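This report refers to the structure that appears directly beneath it.
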Amino acid sequence: MKVCILDGKLLDSGKALHRAVSEALDFPDWYGGNLDALYDCLTDSQEETEILIVHKQKLEEHLGNYVSALTKMLSQAEKENPRFRWRMED
């Protein structure tokens, strides 16, 4: 299983978030570093994959409304791909 932990205390930009996801989940070189590309990679994945978001409040301080768009997209990807799941802990 591939696991990615997104720590809101450590991620201060969307670019940092996408870099962390890409590295943790070993995304291909073509990964575009945006929510559409993230959705594509998560829904195409054939491996069990999990994203854990910790320190959501800090992540929201750093990224604002982007976190809402991210969690909405993660929920959609989870519905689309039974091998993907995500959760949040504070």
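Chain identifiers are assigned as A, B, and so on, following the order in which chains appear in the structure tokens; residues are numbered from 1 within each chain, and ligands are numbered from 1 in order of appearance.
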Would you give me, as an mmCIF file with C-alpha atoms, in the first residue's frame, the residues in chain A that DSSP reads as strand (DSSP E)?
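Saved file out-v6.cif follows:
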data_model
loop_
_atom_site.group_PDB
_atom_site.id
_atom_site.type_symbol
_atom_site.label_atom_id
_atom_site.label_comp_id
_atom_site.auth_asym_id
_atom_site.auth_seq_id
_atom_site.Cartn_x
_atom_site.Cartn_y
_atom_site.Cartn_z
ATOM 1 C CA LYS A 2 1.170 3.485 -0.836
ATOM 2 C CA VAL A 3 0.606 6.073 1.905
ATOM 3 C CA CYS A 4 1.007 9.834 1.748
ATOM 4 C CA ILE A 5 0.866 11.959 4.891
ATOM 5 C CA LEU A 6 0.126 15.620 4.234
ATOM 6 C CA ASP A 7 1.160 17.571 7.324
ATOM 7 C CA THR A 49 -3.409 4.078 -1.853
ATOM 8 C CA GLU A 50 -4.166 6.273 1.134
ATOM 9 C CA ILE A 51 -3.749 9.982 1.791
ATOM 10 C CA LEU A 52 -3.794 11.142 5.398
ATOM 11 C CA ILE A 53 -4.143 14.844 6.137
ATOM 12 C CA VAL A 54 -2.909 15.937 9.561
ATOM 13 C CA PHE A 84 -8.024 4.772 -2.950
ATOM 14 C CA ARG A 85 -9.042 6.219 0.399
ATOM 15 C CA TRP A 86 -8.276 9.346 2.344
ATOM 16 C CA ARG A 87 -8.820 10.535 5.882
ATOM 17 C CA MET A 88 -8.120 13.499 8.074
ATOM 18 C CA GLU A 89 -6.809 13.753 11.607
#
I'd like the neighbourhood of stretch 26-29 of chain A as a list in words, where a residue qualifies if any of its atoms comes within 12 Å (using only C-alpha atoms), though same-chain residues fewer than 3 positions away should be ignored.
Met1, Lys2, Val3, Cys4, His18, Arg19, Ala20, Val21, Ser22, Glu23, Gly32, Gly33, Ala37, Leu38, Tyr39, Asp40, Cys41, Leu42, Asp44, Ser45, Glu47 and Thr49 of chain A
DSSP on the backbone, helix (DSSP H, G or I) only: what residues of chain A does that give? Format it as a PyMOL selection string.
chain A and resi 14-25+35-44+56-63+66-80
Selection above as a file: N, CA and C atoms, as a short mmCIF file (atom, residue, chain, number, x, y, z; two decimals), in the first residue's frame:
data_model
loop_
_atom_site.label_atom_id
_atom_site.label_comp_id
_atom_site.auth_asym_id
_atom_site.auth_seq_id
_atom_site.Cartn_x
_atom_site.Cartn_y
_atom_site.Cartn_z
N GLY A 14 0.58 25.32 -2.35
CA GLY A 14 0.04 24.25 -3.19
C GLY A 14 1.14 23.47 -3.88
N LYS A 15 2.18 24.17 -4.27
CA LYS A 15 3.31 23.52 -4.93
C LYS A 15 3.96 22.51 -3.99
N ALA A 16 4.14 22.88 -2.73
CA ALA A 16 4.73 21.97 -1.75
C ALA A 16 3.83 20.76 -1.51
N LEU A 17 2.52 20.99 -1.47
CA LEU A 17 1.58 19.90 -1.28
C LEU A 17 1.68 18.90 -2.44
N HIS A 18 1.66 19.39 -3.66
CA HIS A 18 1.72 18.50 -4.82
C HIS A 18 3.07 17.80 -4.92
N ARG A 19 4.13 18.45 -4.55
CA ARG A 19 5.44 17.80 -4.55
C ARG A 19 5.46 16.66 -3.54
N ALA A 20 4.88 16.89 -2.34
CA ALA A 20 4.83 15.86 -1.30
C ALA A 20 4.02 14.65 -1.76
N VAL A 21 2.87 14.91 -2.38
CA VAL A 21 2.03 13.81 -2.88
C VAL A 21 2.76 13.03 -3.97
N SER A 22 3.33 13.75 -4.91
CA SER A 22 4.02 13.13 -6.02
C SER A 22 5.18 12.24 -5.56
N GLU A 23 5.95 12.73 -4.62
CA GLU A 23 7.08 11.96 -4.11
C GLU A 23 6.62 10.75 -3.31
N ALA A 24 5.64 10.94 -2.43
CA ALA A 24 5.18 9.85 -1.57
C ALA A 24 4.50 8.74 -2.36
N LEU A 25 3.77 9.11 -3.40
CA LEU A 25 3.03 8.11 -4.16
C LEU A 25 3.71 7.73 -5.47
N LEU A 35 -4.92 19.95 -9.05
CA LEU A 35 -5.97 19.05 -8.58
C LEU A 35 -6.50 18.13 -9.67
N ASP A 36 -6.57 18.60 -10.90
CA ASP A 36 -7.01 17.73 -11.99
C ASP A 36 -6.05 16.58 -12.21
N ALA A 37 -4.77 16.88 -12.21
CA ALA A 37 -3.76 15.83 -12.40
C ALA A 37 -3.74 14.87 -11.20
N LEU A 38 -3.94 15.41 -10.01
CA LEU A 38 -3.99 14.56 -8.82
C LEU A 38 -5.18 13.60 -8.92
N TYR A 39 -6.31 14.12 -9.30
CA TYR A 39 -7.50 13.27 -9.49
C TYR A 39 -7.22 12.16 -10.50
N ASP A 40 -6.63 12.52 -11.62
CA ASP A 40 -6.31 11.52 -12.65
C ASP A 40 -5.40 10.43 -12.11
N CYS A 41 -4.37 10.80 -11.39
CA CYS A 41 -3.45 9.81 -10.85
C CYS A 41 -4.12 8.92 -9.80
N LEU A 42 -4.93 9.52 -8.95
CA LEU A 42 -5.59 8.74 -7.89
C LEU A 42 -6.64 7.80 -8.46
N THR A 43 -7.37 8.22 -9.45
CA THR A 43 -8.41 7.36 -9.99
C THR A 43 -7.85 6.31 -10.94
N ASP A 44 -6.67 6.55 -11.51
CA ASP A 44 -6.03 5.57 -12.39
C ASP A 44 -5.20 4.53 -11.63
N LYS A 56 -5.05 19.88 9.85
CA LYS A 56 -5.87 20.54 8.83
C LYS A 56 -5.95 22.04 9.05
N GLN A 57 -6.06 22.46 10.29
CA GLN A 57 -6.18 23.90 10.56
C GLN A 57 -4.95 24.65 10.04
N LYS A 58 -3.78 24.11 10.27
CA LYS A 58 -2.55 24.75 9.77
C LYS A 58 -2.53 24.74 8.23
N LEU A 59 -2.98 23.63 7.66
CA LEU A 59 -3.03 23.55 6.21
C LEU A 59 -3.96 24.62 5.65
N GLU A 60 -5.11 24.82 6.31
CA GLU A 60 -6.04 25.86 5.88
C GLU A 60 -5.45 27.26 6.05
N GLU A 61 -4.66 27.47 7.11
CA GLU A 61 -3.99 28.76 7.29
C GLU A 61 -3.03 29.03 6.13
N HIS A 62 -2.35 27.99 5.68
CA HIS A 62 -1.37 28.15 4.61
C HIS A 62 -2.00 28.20 3.23
N LEU A 63 -3.05 27.40 3.00
CA LEU A 63 -3.58 27.25 1.64
C LEU A 63 -4.99 27.79 1.44
N TYR A 66 -8.11 26.41 -0.91
CA TYR A 66 -7.58 25.30 -1.69
C TYR A 66 -7.82 23.97 -0.98
N VAL A 67 -7.82 24.01 0.36
CA VAL A 67 -8.03 22.78 1.14
C VAL A 67 -9.44 22.24 0.91
N SER A 68 -10.41 23.12 0.83
CA SER A 68 -11.79 22.70 0.56
C SER A 68 -11.89 22.04 -0.81
N ALA A 69 -11.27 22.63 -1.81
CA ALA A 69 -11.26 22.05 -3.15
C ALA A 69 -10.53 20.70 -3.15
N LEU A 70 -9.44 20.62 -2.40
CA LEU A 70 -8.67 19.38 -2.29
C LEU A 70 -9.51 18.27 -1.67
N THR A 71 -10.17 18.54 -0.55
CA THR A 71 -10.94 17.49 0.12
C THR A 71 -12.15 17.08 -0.72
N LYS A 72 -12.74 18.00 -1.43
CA LYS A 72 -13.85 17.66 -2.32
C LYS A 72 -13.36 16.73 -3.42
N MET A 73 -12.22 17.04 -4.01
CA MET A 73 -11.65 16.21 -5.06
C MET A 73 -11.27 14.84 -4.52
N LEU A 74 -10.69 14.78 -3.31
CA LEU A 74 -10.31 13.49 -2.72
C LEU A 74 -11.54 12.61 -2.51
N SER A 75 -12.63 13.21 -2.08
CA SER A 75 -13.87 12.46 -1.88
C SER A 75 -14.38 11.90 -3.21
N GLN A 76 -14.29 12.69 -4.26
CA GLN A 76 -14.71 12.22 -5.59
C GLN A 76 -13.81 11.07 -6.06
N ALA A 77 -12.52 11.21 -5.87
CA ALA A 77 -11.58 10.17 -6.29
C ALA A 77 -11.83 8.87 -5.51
N GLU A 78 -12.17 9.00 -4.24
CA GLU A 78 -12.45 7.83 -3.40
C GLU A 78 -13.69 7.09 -3.92
N LYS A 79 -14.69 7.83 -4.37
CA LYS A 79 -15.89 7.21 -4.95
C LYS A 79 -15.57 6.50 -6.26
N GLU A 80 -14.67 7.08 -7.02
CA GLU A 80 -14.33 6.55 -8.34
C GLU A 80 -13.42 5.32 -8.28
#
